[in-house]
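For reference, my_file-v4.cif (mmCIF, C-alpha atoms):
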data_protein
loop_
_atom_site.label_atom_id
_atom_site.label_comp_id
_atom_site.auth_asym_id
_atom_site.auth_seq_id
_atom_site.Cartn_x
_atom_site.Cartn_y
_atom_site.Cartn_z
CA MET X 1461 -7.00 33.30 36.92
CA GLN X 1462 -9.44 34.95 39.33
CA SER X 1463 -9.18 38.46 37.95
CA PRO X 1464 -10.18 37.84 34.28
CA SER X 1465 -13.42 36.11 35.25
CA LYS X 1466 -14.21 38.90 37.73
CA LEU X 1467 -13.46 41.41 34.98
CA LEU X 1468 -15.82 39.57 32.66
CA ILE X 1469 -18.62 39.80 35.23
CA VAL X 1470 -17.99 43.51 35.80
CA ILE X 1471 -18.02 44.25 32.05
CA LEU X 1472 -21.20 42.25 31.49
CA PHE X 1473 -22.81 44.09 34.40
CA ILE X 1474 -21.90 47.46 32.91
CA ALA X 1475 -23.25 46.30 29.53
CA ALA X 1476 -26.50 45.23 31.20
CA VAL X 1477 -26.84 48.65 32.88
CA PHE X 1478 -26.36 50.40 29.52
CA ALA X 1479 -28.73 47.97 27.85
CA PHE X 1480 -31.53 48.79 30.31
CA GLY X 1481 -31.06 52.43 29.35
CA TYR X 1482 -32.20 51.60 25.84
CA TYR X 1483 -34.96 49.38 27.10
CA GLU X 1484 -36.86 51.80 29.30
CA ALA X 1485 -40.52 52.41 28.54
CA ALA X 1486 -43.64 52.14 30.63
CA ARG X 1487 -45.04 48.70 30.06
CA ALA X 1488 -46.48 47.80 33.41
CA GLU X 1489 -49.54 45.60 33.76
CA TYR X 1490 -52.94 46.67 32.51
CA GLY X 1491 -54.87 47.92 35.53
CA ASP X 1492 -51.89 48.77 37.73
CA VAL X 1493 -52.91 51.81 39.75
CA VAL X 1494 -50.37 54.42 40.82
CA MET X 1495 -51.51 56.41 43.86
CA ASN X 1496 -49.65 59.60 44.58
CA GLU X 1497 -52.05 61.79 46.51
CA PHE X 1498 -49.82 62.25 49.55
CA SER X 1499 -46.71 60.15 48.91
CA ASP X 1500 -44.45 62.61 47.11
CA GLU X 1501 -45.20 65.36 49.62
CA ALA X 1502 -44.39 62.99 52.44
CA GLY X 1503 -41.09 61.98 50.86
CA MET X 1504 -42.26 58.47 50.01
CA ARG X 1505 -42.40 56.73 46.66
CA PRO X 1506 -45.93 56.56 45.20
CA VAL X 1507 -47.93 53.39 45.81
CA VAL X 1508 -48.36 50.90 42.98
CA PHE X 1509 -51.46 48.74 43.35
CA PRO X 1510 -51.50 45.68 41.06
CA HIS X 1511 -55.10 44.76 40.23
CA TRP X 1512 -53.94 41.51 38.58
CA PHE X 1513 -52.37 40.18 41.76
CA HIS X 1514 -55.42 40.96 43.86
CA ARG X 1515 -58.06 39.67 41.44
CA ILE X 1516 -56.41 36.27 41.37
CA ARG X 1517 -57.15 36.09 45.10
CA PHE X 1518 -60.30 38.17 45.61
CA ARG X 1519 -63.37 39.03 43.57
CA CYS X 1520 -63.87 42.72 42.78
CA LYS X 1521 -66.76 43.08 45.21
CA VAL X 1522 -64.64 42.31 48.27
CA CYS X 1523 -62.74 45.60 47.97
CA HIS X 1524 -65.15 47.58 45.78
CA GLY X 1525 -68.16 46.63 47.89
CA ASP X 1526 -67.33 45.29 51.33
CA LEU X 1527 -64.29 47.52 51.91
CA GLY X 1528 -65.77 50.60 50.29
CA PHE X 1529 -63.17 51.32 47.60
CA LYS X 1530 -64.69 53.61 44.97
CA PHE X 1531 -64.04 52.85 41.29
CA GLU X 1532 -61.70 55.82 41.02
CA ALA X 1533 -57.93 56.02 41.20
CA GLY X 1534 -57.09 58.52 43.89
CA GLY X 1535 -60.75 58.94 44.80
CA ASN X 1536 -60.63 57.24 48.16
CA GLY X 1537 -58.37 59.55 50.16
CA ILE X 1538 -56.45 56.63 51.59
CA ASN X 1539 -53.75 57.53 54.09
CA MET X 1540 -51.66 55.56 56.54
CA LEU X 1541 -53.88 56.45 59.51
CA LYS X 1542 -56.88 54.81 57.85
CA ILE X 1543 -54.79 51.78 56.94
CA ILE X 1544 -53.54 51.44 60.53
CA ASP X 1545 -57.17 51.67 61.68
CA GLY X 1546 -57.99 48.68 59.49
CA GLU X 1547 -59.74 50.58 56.73
CA TYR X 1548 -59.08 50.13 53.00
CA CYS X 1549 -55.77 48.29 52.46
CA GLY X 1550 -55.54 47.84 56.23
CA ALA X 1551 -58.38 45.31 56.20
CA CYS X 1552 -55.88 42.73 54.92
CA HIS X 1553 -52.47 44.41 55.16
CA ASP X 1554 -52.23 43.96 58.91
CA GLY X 1555 -49.69 41.16 59.06
CA GLY X 1556 -52.52 38.62 58.98
CA VAL X 1557 -53.92 38.07 55.49
CA ALA X 1558 -51.16 40.12 53.86
CA TRP X 1559 -47.94 41.89 54.78
CA SER X 1560 -48.14 44.54 57.47
CA ILE X 1561 -47.44 48.27 57.10
CA GLU X 1562 -43.85 47.95 58.31
CA ASN X 1563 -43.00 46.71 54.80
CA CYS X 1564 -43.22 50.24 53.42
CA ASP X 1565 -41.32 49.70 50.19
CA LEU X 1566 -43.41 46.75 49.01
CA CYS X 1567 -46.35 49.10 48.35
CA HIS X 1568 -44.48 52.41 48.09
CA SER X 1569 -42.51 51.10 45.13
CA GLY X 1570 -43.37 53.53 42.32
CA ILE X 1571 -41.03 55.88 40.50
CA PRO X 1572 -41.08 59.21 42.38
CA ASN X 1573 -43.30 61.95 40.87
CA THR X 1574 -45.45 59.50 38.90
CA PRO X 1575 -48.95 61.00 39.01
CA THR X 1576 -52.02 59.10 40.20
CA HIS X 1577 -53.43 57.10 37.30
CA VAL X 1578 -54.63 53.70 36.12
CA HIS X 1579 -51.87 52.36 33.96
CA HIS X 1580 -52.82 51.66 30.34
CA SER X 1581 -56.40 52.80 30.84
CA THR X 1582 -58.33 54.05 27.82
CA VAL X 1583 -58.88 57.37 29.57
CA GLN X 1584 -55.16 57.77 30.12
CA LYS X 1585 -54.45 56.98 26.47
CA LEU X 1586 -57.15 59.23 25.06
CA VAL X 1587 -57.30 62.14 27.45
CA ALA X 1588 -53.85 62.37 29.00
CA PRO X 1589 -51.98 63.22 25.76
CA LEU X 1590 -54.03 66.40 25.48
CA ARG X 1591 -52.65 67.68 28.74
CA THR X 1592 -49.66 69.93 28.58
CA GLY X 1593 -47.30 71.20 31.20
CA ALA X 1594 -45.04 69.92 33.88
CA ASP X 1595 -46.90 66.72 34.67
CA ASP X 1596 -46.36 65.31 31.17
CA SER X 1597 -42.67 64.73 31.63
CA ALA X 1598 -43.34 62.97 34.91
CA ASP X 1599 -45.87 60.54 33.49
CA ASP X 1600 -44.21 57.59 31.80
CA GLY X 1601 -47.59 56.28 30.71
CA ASP X 1602 -48.29 59.48 28.84
CA ALA X 1603 -45.03 59.26 26.99
CA GLU X 1604 -46.01 55.84 25.71
CA ALA X 1605 -49.51 56.94 24.77
CA GLN X 1606 -48.08 59.79 22.73
CA GLU X 1607 -45.93 57.53 20.58
CA MET Y 85 3.23 35.38 33.98
CA ASN Y 86 3.28 36.85 30.52
CA LEU Y 87 1.09 34.02 29.30
CA ILE Y 88 -1.54 34.73 31.96
CA ASN Y 89 -1.55 38.41 31.02
CA MET Y 90 -2.04 37.53 27.38
CA ARG Y 91 -4.86 35.23 28.34
CA SER Y 92 -6.59 37.79 30.51
CA LEU Y 93 -6.22 40.32 27.69
CA GLY Y 94 -7.89 37.84 25.36
CA ILE Y 95 -10.77 37.37 27.74
CA LEU Y 96 -11.03 41.13 28.14
CA VAL Y 97 -11.30 41.62 24.38
CA PHE Y 98 -13.84 38.80 24.14
CA ALA Y 99 -15.89 40.28 26.99
CA CYS Y 100 -15.86 43.73 25.41
CA GLY Y 101 -17.02 42.21 22.13
CA LEU Y 102 -19.81 40.36 23.88
CA ALA Y 103 -20.88 43.50 25.75
CA ILE Y 104 -20.99 45.50 22.51
CA MET Y 105 -23.05 42.73 20.86
CA VAL Y 106 -25.57 42.77 23.72
CA MET Y 107 -25.85 46.55 23.52
CA LEU Y 108 -26.29 46.48 19.73
CA VAL Y 109 -29.06 43.88 19.91
CA LEU Y 110 -30.96 45.89 22.51
CA ALA Y 111 -30.30 49.15 20.70
CA SER Y 112 -31.71 47.69 17.47
CA PHE Y 113 -34.73 46.60 19.48
CA ALA Y 114 -35.13 50.15 20.75
CA VAL Y 115 -34.82 51.50 17.19
CA ALA Y 116 -37.49 49.04 16.05
CA GLN Y 117 -39.66 50.51 18.81
CA SER Y 118 -39.20 54.07 17.66
CA ASP Y 119 -39.54 53.23 13.95
CA PRO Y 120 -42.46 55.47 12.90
CA ASN Y 121 -43.64 52.87 10.37
CA ARG Y 122 -43.40 49.79 12.49
CA PHE Y 123 -46.44 47.54 12.52
CA ASN Y 124 -48.50 48.10 14.68
CA ARG Y 125 -47.43 51.13 16.68
CA LEU Y 126 -50.20 50.72 19.25
CA MET Y 127 -49.83 46.98 19.62
CA LYS Y 128 -47.33 45.73 22.16
CA PRO Y 129 -44.85 43.22 20.77
CA ALA Y 130 -45.08 39.90 22.65
CA ALA Y 131 -41.63 40.40 24.15
CA GLU Y 132 -42.80 43.56 25.89
CA ARG Y 133 -45.83 42.07 27.60
CA ASN Y 134 -46.07 41.33 31.30
CA ALA Y 135 -42.75 42.96 32.17
CA PRO Y 136 -41.32 42.23 35.63
CA PRO Y 137 -41.74 45.11 38.13
CA PRO Y 138 -38.12 46.39 38.13
CA ILE Y 139 -38.28 47.25 34.41
CA ASP Y 140 -42.00 47.88 33.92
CA GLY Y 141 -41.64 51.68 33.86
CA ILE Y 142 -43.73 52.51 36.93
CA HIS Y 143 -41.94 50.56 39.68
CA ASP Y 144 -38.73 52.10 40.96
CA GLY Y 145 -35.78 49.84 40.19
CA GLU Y 146 -33.83 51.53 42.95
CA ASN Y 147 -36.35 50.37 45.53
CA GLU Y 148 -35.40 47.11 47.27
CA GLY Y 149 -39.02 46.07 47.72
CA THR Y 150 -39.60 46.13 43.96
CA TYR Y 151 -37.48 43.01 43.62
CA LEU Y 152 -39.53 41.11 46.19
CA LEU Y 153 -42.79 41.46 44.27
CA GLN Y 154 -44.20 38.57 42.28
CA THR Y 155 -43.72 38.92 38.53
CA PRO Y 156 -46.88 38.81 36.37
CA LEU Y 157 -45.51 36.13 34.07
CA GLU Y 158 -44.97 33.79 36.99
CA ALA Y 159 -48.55 34.25 38.14
CA PHE Y 160 -50.07 34.05 34.64
CA ALA Y 161 -48.22 30.90 33.55
CA THR Y 162 -51.14 28.61 34.43
CA LEU Y 163 -53.97 30.94 33.34
CA PRO Y 164 -55.88 30.94 30.04
CA GLU Y 165 -54.69 33.59 27.58
CA SER Y 166 -56.48 36.46 25.90
CA LYS Y 167 -55.48 39.03 23.30
CA SER Y 168 -55.32 42.19 25.35
CA GLY Y 169 -55.22 43.70 28.81
CA ASN Y 170 -53.18 41.47 31.06
CA TYR Y 171 -53.27 38.83 28.28
CA VAL Y 172 -55.24 36.69 30.69
CA HIS Y 173 -58.82 35.56 30.07
CA TRP Y 174 -60.05 36.19 33.60
CA ASN Y 175 -63.54 34.72 33.19
CA GLU Y 176 -62.23 31.53 31.63
CA ALA Y 177 -59.75 31.37 34.51
CA ILE Y 178 -62.67 31.23 36.95
CA ASP Y 179 -64.68 28.80 34.80
CA GLN Y 180 -61.68 26.47 34.50
CA ASN Y 181 -60.97 26.76 38.25
CA ALA Y 182 -57.51 28.03 37.38
CA ILE Y 183 -58.15 30.70 40.00
CA ALA Y 184 -60.53 30.73 42.95
CA PRO Y 185 -60.79 34.35 44.07
CA ARG Y 186 -62.50 34.69 47.44
CA ASN Y 187 -65.85 36.38 47.65
CA SER Y 188 -65.49 37.81 51.14
CA LEU Y 189 -63.00 38.42 53.91
CA GLY Y 190 -63.04 36.23 56.97
CA GLU Y 191 -62.61 32.53 57.48
CA GLN Y 192 -65.44 31.28 55.32
CA SER Y 193 -65.75 32.67 51.82
CA MET Y 194 -69.38 32.63 50.76
CA PRO Y 195 -69.93 31.64 47.11
CA PRO Y 196 -71.01 34.54 44.90
CA ILE Y 197 -74.68 34.98 44.02
CA VAL Y 198 -74.58 34.53 40.25
CA LEU Y 199 -77.42 35.88 38.12
CA ASP Y 200 -77.71 34.23 34.72
CA LEU Y 201 -79.56 36.90 32.75
CA ASN Y 202 -78.55 38.28 29.38
CA ILE Y 203 -79.55 41.81 28.47
CA ILE Y 204 -79.62 42.52 24.74
CA ARG Y 205 -79.06 46.11 23.71
CA GLU Y 206 -79.91 46.90 20.13
CA VAL Y 207 -77.39 49.42 18.96
CA LYS Y 208 -78.00 52.29 16.54
CA GLY Y 209 -74.94 51.89 14.35
CA SER Y 210 -73.90 49.08 12.06
CA MET Y 211 -72.17 47.09 14.78
CA PRO Y 212 -73.77 43.87 16.01
CA ASP Y 213 -76.06 44.23 19.03
CA VAL Y 214 -74.60 44.08 22.49
CA VAL Y 215 -75.25 41.07 24.67
CA TYR Y 216 -74.63 41.94 28.31
CA PRO Y 217 -74.23 38.78 30.40
CA HIS Y 218 -75.05 39.24 34.09
CA LYS Y 219 -73.47 35.85 34.73
CA GLN Y 220 -69.87 36.81 34.03
CA HIS Y 221 -70.32 40.09 35.87
CA THR Y 222 -71.91 38.67 39.01
CA GLN Y 223 -69.08 36.17 39.27
CA TRP Y 224 -66.93 39.16 40.20
CA LEU Y 225 -69.31 41.86 41.40
CA ASP Y 226 -72.31 42.49 43.64
CA CYS Y 227 -75.49 44.03 42.23
CA ALA Y 228 -74.81 47.14 44.32
CA ASN Y 229 -71.49 47.76 42.57
CA CYS Y 230 -73.35 48.85 39.42
CA HIS Y 231 -76.97 49.38 40.44
CA PRO Y 232 -78.25 52.01 40.74
CA ALA Y 233 -75.27 54.40 40.70
CA ILE Y 234 -73.82 53.41 37.32
CA PHE Y 235 -76.78 51.68 35.66
CA ILE Y 236 -80.43 52.27 36.56
CA PRO Y 237 -81.93 48.78 36.82
CA GLN Y 238 -84.74 49.48 34.39
CA LYS Y 239 -85.07 48.69 30.70
CA GLY Y 240 -84.46 51.69 28.47
CA ALA Y 241 -83.42 53.94 31.33
CA ASN Y 242 -79.70 54.00 30.50
CA GLN Y 243 -78.19 56.03 27.70
CA ILE Y 244 -74.89 54.41 26.81
CA SER Y 245 -72.56 55.59 24.06
CA MET Y 246 -69.09 54.52 23.05
CA ALA Y 247 -67.97 58.09 23.74
CA SER Y 248 -69.02 57.85 27.37
CA ILE Y 249 -67.42 54.41 27.68
CA LEU Y 250 -64.16 55.69 26.25
CA LEU Y 251 -64.21 58.51 28.79
CA GLY Y 252 -64.56 56.06 31.65
CA GLU Y 253 -68.29 56.21 32.30
CA LYS Y 254 -70.92 53.42 32.27
CA CYS Y 255 -69.18 50.21 31.07
CA GLY Y 256 -65.97 52.25 30.94
CA VAL Y 257 -65.82 52.44 34.72
CA CYS Y 258 -64.20 48.99 34.47
CA HIS Y 259 -63.77 48.21 30.75
CA GLY Y 260 -60.69 50.06 29.63
CA LYS Y 261 -59.22 50.12 33.13
CA VAL Y 262 -59.15 46.60 34.55
CA ALA Y 263 -61.77 44.59 32.68
CA PHE Y 264 -61.01 43.78 29.03
CA PRO Y 265 -60.42 46.98 27.04
CA VAL Y 266 -62.80 48.49 24.47
CA SER Y 267 -60.54 47.33 21.63
CA GLU Y 268 -62.21 43.92 22.07
CA CYS Y 269 -65.30 45.11 20.20
CA ARG Y 270 -66.82 41.71 19.50
CA ARG Y 271 -66.82 40.46 23.02
CA CYS Y 272 -69.71 42.87 23.69
CA HIS Y 273 -71.05 43.49 20.19
CA SER Y 274 -71.65 39.80 19.68
CA ARG Y 275 -75.20 39.27 18.38
CA PRO Y 276 -75.77 39.85 14.66
CA LYS Y 277 -78.51 42.36 13.96
CA GLN Y 278 -81.91 40.77 13.39
CA GLN Y 279 -83.53 41.29 10.00
CA THR Y 280 -85.96 44.23 9.97
CA ALA Y 281 -88.73 41.94 8.65
CA ASP Y 282 -88.54 39.93 11.89
CA LYS Y 283 -89.36 42.92 14.03
#

Could you render the structure as structure tokens?
Amino acid sequence: MQSPSKLLIVILFIAAVFAFGYYEAARAEYGDVVMNEFSDEAGMRPVVFPHWFHRIRFRCKVCHGDLGFKFEAGGNGINMLKIIDGEYCGACHDGGVAWSIENCDLCHSGIPNTPTHVHHSTVQKLVAPLRTGADDSADDGDAEAQE
Amino acid sequence: MNLINMRSLGILVFACGLAIMVMLVLASFAVAQSDPNRFNRLMKPAAERNAPPPIDGIHDGENEGTYLLQTPLEAFATLPESKSGNYVHWNEAIDQNAIAPRNSLGEQSMPPIVLDLNIIREVKGSMPDVVYPHKQHTQWLDCANCHPAIFIPQKGANQISMASILLGEKCGVCHGKVAFPVSECRRCHSRPKQQTADK
């Protein structure tokens, strides 16, 4: 009696895997920022920064004023050295306020080769579709904007 | 023994049927997505909103950490809704004390300095005039975030056009990226034009 129920689970699992194949499209949160200035080159997944999670906990000015983040995706030149020194993300992500840098894959969680962009931004929707070339296939957001 | 085999075969057939049903339902959903005439192609169906990280299209489902992240729907369950963006009305969330975002790092979070000053911009086109409320903005931001780099703090000194906003300048530095998108016309263009005779 064990084997049929196991079989059922296996088949449902396979069905679920196939189903997700049909279901794939970029539909991340408005304002999610993908940062891939150095990650791909360094063999890491790009960083996904969720604005929604952070704005529940902090007002904009804490990061975009006190911590010196410019209003520009990829415009801050953030690297791990700066974070370890307590700059940018490192002001909180030090194991105190938020998780420390040892938890690499909590931030470096993006799909490899995703370019730096603000997900679902008007600029991405309006300007990105005009771009042609290799980076189009890599950008899931573009694919959606082109629909 | 034979009976058990028959039974397991039955379950196998049933499971295959179920699996095919699941695939068909999701496939039809995908077809509905790609239907060139579906209404409205740019509007996200409710079922697609606030997807969990593993299937949101930018997080890597093969990354273990992705599954440890909070899902947006869990966080947004108690927050007031809006029609676009994250489908959360962030200013109402503050006003209703549904969220209490901190205003500074460190032990004591100082309350924000809120400026209650509306700026009315009469617009050239047929749209209603823009009412810019400092109040809602200073709940989130410091004066120095916008002044003077983005907006010169002087009446008439700033040329603003929808084109520049759409390209991510002026209001578009935030609106269209994290603050409510420019599709919400009437949240800014909110004051009916005054009659010419009044002027």

Contacts of stretch 1539-1552 of chain X at 12 Å (only C-alpha atoms; same-chain gap of 6+ positions) as a VMD selection string
(chain X and resid 1495 to 1499 1502 1504 1506 to 1507 1509 1514 1517 to 1518 1522 to 1530 1558 to 1562 1564 1567 to 1568) or (chain Y and resid 188 to 190)

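Proximity to Y:Gln278 at 12 Å, evaluated using only C-alpha atoms and with sequence-adjacent residues fewer than 5 positions away removed, yields Ile204, Arg205, Glu206, Val207, Ser210, Met211, Pro212, Asp213 and Lys283 of chain Y.
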
Could you please give me, as a PDB file with C-alpha atoms, keeping the file's coordinate frame, the residues of protein, DNA or RNA lying at most 7 Å from (-56.6, 53.4, 40.8) in the coordinate frame of the file, considering all atoms listed in the file?
ATOM      1  CA  VAL X1493     -52.910  51.810  39.750  1.00  0.00           C
ATOM      2  CA  VAL X1494     -50.370  54.420  40.820  1.00  0.00           C
ATOM      3  CA  MET X1495     -51.510  56.410  43.860  1.00  0.00           C
ATOM      4  CA  GLU X1532     -61.700  55.820  41.020  1.00  0.00           C
ATOM      5  CA  ALA X1533     -57.930  56.020  41.200  1.00  0.00           C
ATOM      6  CA  GLY X1534     -57.090  58.520  43.890  1.00  0.00           C
ATOM      7  CA  HIS X1577     -53.430  57.100  37.300  1.00  0.00           C
ATOM      8  CA  VAL X1578     -54.630  53.700  36.120  1.00  0.00           C
TER       9      VAL X1578
END

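Between atom CA of Y:Asn170 and atom CA of X:Trp1512 the interatomic distance comes to 7.6 Å.
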
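Using only C-alpha atoms, the shortest contact distance between chain Y and any of X:His1579, X:Gly1503, X:His1553, X:Ile1571 is found at X:Ile1571.
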
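The space separating atom CA of Y:Cys269 from atom CA of Y:Lys167 comes to 12.0 Å.
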
Enclose the full set of atoms of stretch 169-183 of chain Y listed in the file within a box whose edges lie along x, y and z, apply 8 Å of padding to each of the six sides, and report centre and edge lengths in Å to one decimal as JSON.
{"center_x": -58.9, "center_y": 35.1, "center_z": 34.1, "size_x": 27.5, "size_y": 33.2, "size_z": 27.7}

Residues matched by the PyMOL selection byres ((chain Y and resi 158) around 12), written as number ranges by chain:
X: 1512-1513; Y: 134-137, 153-157, 159-163

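Pairwise distance (atom CA of Y:Gly256, atom CA of Y:Cys230) equals 11.7 Å.
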
Restricting the calculation to all atoms listed in the file, which member of X:Ser1581, X:Asn1536, X:Asn1563, X:Thr1576 is positioned closest to chain Y?
X:Ser1581

Min atom-atom distance to Y:Glu148 from the set X:Thr1574, X:Ala1488, X:Thr1582, X:Ser1569, counting only C-alpha atoms, belongs to X:Ser1569

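Evaluated against this file, the PyMOL selection byres ((chain Y and resi 175-185) around 7) yields Arg1515, Ile1516, Arg1517, Phe1518 and Arg1519 of chain X; Leu163, Pro164, His173, Trp174, Arg186, Asn187 and Gln220 of chain Y.
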
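Across Y:Asn121, Y:Ser193, Y:Ser166, Y:Asn229, the tightest approach to chain X is made by Y:Asn229 when counting all atoms listed in the file.
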
Identify all residues satisfying the PyMOL selection byres ((chain Y and resi 224) around 6) in the given file; provide them as a count of residues only.
6

Can you work out which one of X:Lys1466, X:Pro1575, X:Glu1501, X:Tyr1490 has the shortest atom-to-atom distance to chain Y, counting all atoms listed in the file?
X:Tyr1490

Which is closest to Y:Pro196 among Y:Lys219, Y:Lys261, Y:Lys208, Y:Arg270, if we use all atoms listed in the file?
Y:Lys219

With the input short on atoms, add N, CA and C atoms back to stretch 125-146 of chain Y and write it as a PDB file, in the coordinates of the input.
ATOM      1  N   ARG Y 125     -48.024  50.281  15.657  1.00  0.00           N
ATOM      2  CA  ARG Y 125     -47.430  51.130  16.680  1.00  0.00           C
ATOM      3  C   ARG Y 125     -48.146  51.044  18.013  1.00  0.00           C
ATOM      4  N   LEU Y 126     -49.446  50.747  18.003  1.00  0.00           N
ATOM      5  CA  LEU Y 126     -50.200  50.720  19.250  1.00  0.00           C
ATOM      6  C   LEU Y 126     -50.213  49.329  19.874  1.00  0.00           C
ATOM      7  N   MET Y 127     -49.773  48.345  19.122  1.00  0.00           N
ATOM      8  CA  MET Y 127     -49.830  46.980  19.620  1.00  0.00           C
ATOM      9  C   MET Y 127     -48.502  46.623  20.266  1.00  0.00           C
ATOM     10  N   LYS Y 128     -48.568  46.083  21.462  1.00  0.00           N
ATOM     11  CA  LYS Y 128     -47.330  45.730  22.160  1.00  0.00           C
ATOM     12  C   LYS Y 128     -46.748  44.456  21.574  1.00  0.00           C
ATOM     13  N   PRO Y 129     -45.468  44.462  21.198  1.00  0.00           N
ATOM     14  CA  PRO Y 129     -44.850  43.220  20.770  1.00  0.00           C
ATOM     15  C   PRO Y 129     -44.850  42.218  21.946  1.00  0.00           C
ATOM     16  N   ALA Y 130     -44.948  40.927  21.610  1.00  0.00           N
ATOM     17  CA  ALA Y 130     -45.080  39.900  22.650  1.00  0.00           C
ATOM     18  C   ALA Y 130     -43.957  39.985  23.679  1.00  0.00           C
ATOM     19  N   ALA Y 131     -42.766  40.364  23.224  1.00  0.00           N
ATOM     20  CA  ALA Y 131     -41.630  40.400  24.150  1.00  0.00           C
ATOM     21  C   ALA Y 131     -41.783  41.479  25.216  1.00  0.00           C
ATOM     22  N   GLU Y 132     -42.648  42.452  24.950  1.00  0.00           N
ATOM     23  CA  GLU Y 132     -42.800  43.560  25.890  1.00  0.00           C
ATOM     24  C   GLU Y 132     -43.913  43.338  26.901  1.00  0.00           C
ATOM     25  N   ARG Y 133     -44.673  42.270  26.732  1.00  0.00           N
ATOM     26  CA  ARG Y 133     -45.830  42.070  27.600  1.00  0.00           C
ATOM     27  C   ARG Y 133     -45.409  41.551  28.969  1.00  0.00           C
ATOM     28  N   ASN Y 134     -46.233  41.872  29.963  1.00  0.00           N
ATOM     29  CA  ASN Y 134     -46.070  41.330  31.300  1.00  0.00           C
ATOM     30  C   ASN Y 134     -44.640  41.482  31.815  1.00  0.00           C
ATOM     31  N   ALA Y 135     -44.114  42.703  31.717  1.00  0.00           N
ATOM     32  CA  ALA Y 135     -42.750  42.960  32.170  1.00  0.00           C
ATOM     33  C   ALA Y 135     -42.640  42.804  33.688  1.00  0.00           C
ATOM     34  N   PRO Y 136     -41.500  42.328  34.177  1.00  0.00           N
ATOM     35  CA  PRO Y 136     -41.320  42.230  35.630  1.00  0.00           C
ATOM     36  C   PRO Y 136     -41.225  43.624  36.252  1.00  0.00           C
ATOM     37  N   PRO Y 137     -41.666  43.781  37.516  1.00  0.00           N
ATOM     38  CA  PRO Y 137     -41.740  45.110  38.130  1.00  0.00           C
ATOM     39  C   PRO Y 137     -40.487  45.978  37.976  1.00  0.00           C
ATOM     40  N   PRO Y 138     -39.263  45.468  38.170  1.00  0.00           N
ATOM     41  CA  PRO Y 138     -38.120  46.390  38.130  1.00  0.00           C
ATOM     42  C   PRO Y 138     -37.950  47.123  36.794  1.00  0.00           C
ATOM     43  N   ILE Y 139     -38.464  46.574  35.696  1.00  0.00           N
ATOM     44  CA  ILE Y 139     -38.280  47.250  34.410  1.00  0.00           C
ATOM     45  C   ILE Y 139     -39.623  47.578  33.741  1.00  0.00           C
ATOM     46  N   ASP Y 140     -40.693  47.665  34.554  1.00  0.00           N
ATOM     47  CA  ASP Y 140     -42.000  47.880  33.920  1.00  0.00           C
ATOM     48  C   ASP Y 140     -42.334  49.359  33.718  1.00  0.00           C
ATOM     49  N   GLY Y 141     -41.450  50.265  34.154  1.00  0.00           N
ATOM     50  CA  GLY Y 141     -41.640  51.680  33.860  1.00  0.00           C
ATOM     51  C   GLY Y 141     -42.422  52.446  34.920  1.00  0.00           C
ATOM     52  N   ILE Y 142     -43.085  51.749  35.845  1.00  0.00           N
ATOM     53  CA  ILE Y 142     -43.730  52.510  36.930  1.00  0.00           C
ATOM     54  C   ILE Y 142     -43.188  52.118  38.302  1.00  0.00           C
ATOM     55  N   HIS Y 143     -42.601  50.918  38.418  1.00  0.00           N
ATOM     56  CA  HIS Y 143     -41.940  50.560  39.680  1.00  0.00           C
ATOM     57  C   HIS Y 143     -40.517  51.117  39.671  1.00  0.00           C
ATOM     58  N   ASP Y 144     -40.072  51.528  40.835  1.00  0.00           N
ATOM     59  CA  ASP Y 144     -38.730  52.100  40.960  1.00  0.00           C
ATOM     60  C   ASP Y 144     -37.706  50.977  41.119  1.00  0.00           C
ATOM     61  N   GLY Y 145     -36.823  50.875  40.137  1.00  0.00           N
ATOM     62  CA  GLY Y 145     -35.780  49.840  40.190  1.00  0.00           C
ATOM     63  C   GLY Y 145     -34.760  50.050  41.284  1.00  0.00           C
ATOM     64  N   GLU Y 146     -34.771  51.261  41.852  1.00  0.00           N
ATOM     65  CA  GLU Y 146     -33.830  51.530  42.950  1.00  0.00           C
ATOM     66  C   GLU Y 146     -34.425  51.168  44.307  1.00  0.00           C
TER      67      GLU Y 146
END
